[in-house]
Amino acid sequence: MDAETLSPQQLHAIKGQLEEELEKLTTSFAQLRHARTKYMASRTALEDLEARDVLVPLTSSVYVPGRLIEPNKVMVEIGTGYFVEKTRDGGKEFCERKMKMLRENMDKVSNYINQRRKTLDLVVQTLQKKIKEQQAGTN
């Protein structure tokens, strides 16, 4: 796309599309970062696992007392409410794989955000230039 050949109205429309796209990409990046943070916390929790008394959540605000009997066996959510039993090391490896995948996706989204920002900057500069040219032509 050669921004110089577009009218100010077309540039304004493209600017709006790019801003909307950047907003969605930024939201996606934040969601990926949040998911990665959760896996990091899970991995850390698995490192500190030992037989002891714990509070087991029934809901987000109701807990019951429990006892962790086998700290080397954990249940890992693999998605959409499905769980598998893993060893503690297997659970940590699962978290590591997920964190790596999320990091790679974050890098891809970040690169795409940077590309779209550069395109947006070019469109805004060209739009400002065209508006100044129109104003100079009417004076």
# chains A, B, ... in the order shown; residues from 1 in each chain; ligands from 1
$ residues_around --residues "Asn105 in chain A" --least-positions-apart "3" --cutoff "10 Å" --atoms "only C-alpha atoms" --output "PyMOL selection string"
chain A and resi 28-29+32-33+99-102+108-111
$ select_by_dssp --residues "range 25-134 of chain A" --states "strand (DSSP E or B)" --output "list in words"
Arg52, Asp53, Val54, Leu55, Val56, Pro57, Tyr63, Val64, Pro65, Gly66, Arg67, Leu68, Lys73, Val74, Met75, Val76, Glu77, Ile78, Gly79, Tyr82, Phe83, Val84, Glu85, Lys86 and Thr87 of chain A
$ write_last_selection --atoms "C-alpha atoms" --output "mmCIF file, in the first residue's frame"
data_model
loop_
_atom_site.group_PDB
_atom_site.id
_atom_site.type_symbol
_atom_site.label_atom_id
_atom_site.label_comp_id
_atom_site.auth_asym_id
_atom_site.auth_seq_id
_atom_site.Cartn_x
_atom_site.Cartn_y
_atom_site.Cartn_z
ATOM 1 C CA ARG A 52 1.221 -30.934 55.043
ATOM 2 C CA ASP A 53 -2.153 -29.531 56.010
ATOM 3 C CA VAL A 54 -3.721 -27.293 53.368
ATOM 4 C CA LEU A 55 -6.907 -25.368 52.669
ATOM 5 C CA VAL A 56 -8.741 -26.790 49.662
ATOM 6 C CA PRO A 57 -10.883 -24.282 47.739
ATOM 7 C CA TYR A 63 -12.254 -23.473 51.717
ATOM 8 C CA VAL A 64 -12.141 -26.737 53.650
ATOM 9 C CA PRO A 65 -9.191 -28.178 55.550
ATOM 10 C CA GLY A 66 -7.322 -31.002 53.881
ATOM 11 C CA ARG A 67 -4.087 -32.930 54.084
ATOM 12 C CA LEU A 68 -1.664 -33.379 51.208
ATOM 13 C CA LYS A 73 1.200 -36.810 42.524
ATOM 14 C CA VAL A 74 -0.657 -33.811 41.147
ATOM 15 C CA MET A 75 -3.663 -33.206 38.923
ATOM 16 C CA VAL A 76 -2.932 -30.858 36.033
ATOM 17 C CA GLU A 77 -5.669 -29.120 34.048
ATOM 18 C CA ILE A 78 -4.880 -29.656 30.380
ATOM 19 C CA GLY A 79 -7.747 -27.506 29.104
ATOM 20 C CA TYR A 82 -9.930 -31.907 31.704
ATOM 21 C CA PHE A 83 -7.357 -33.047 34.237
ATOM 22 C CA VAL A 84 -4.586 -35.622 34.122
ATOM 23 C CA GLU A 85 -2.542 -37.079 36.932
ATOM 24 C CA LYS A 86 1.164 -36.349 36.724
ATOM 25 C CA THR A 87 4.178 -36.605 38.954
#
$ residues_around --residues "Ile14 in chain A" --least-positions-apart "5" --cutoff "9 Å" --atoms "only C-alpha atoms" --output "list in words"
Gln9, Glu19, Leu120 and Val123 of chain A
$ closest_residue --among "A:Leu25, A:Ala51, A:Leu127, A:Cys95" --to "Asp107 in chain A" --atoms "only C-alpha atoms"
A:Leu25
$ select_by_dssp --residues "range 20-117 of chain A" --states "helix (DSSP H, G or I)" --output "PyMOL selection string"
chain A and resi 20-47+88-117
$ closest_residue --among "A:Gln135, A:Thr59, A:Leu122, A:Arg117" --to "Glu20 in chain A" --atoms "only C-alpha atoms"
A:Arg117
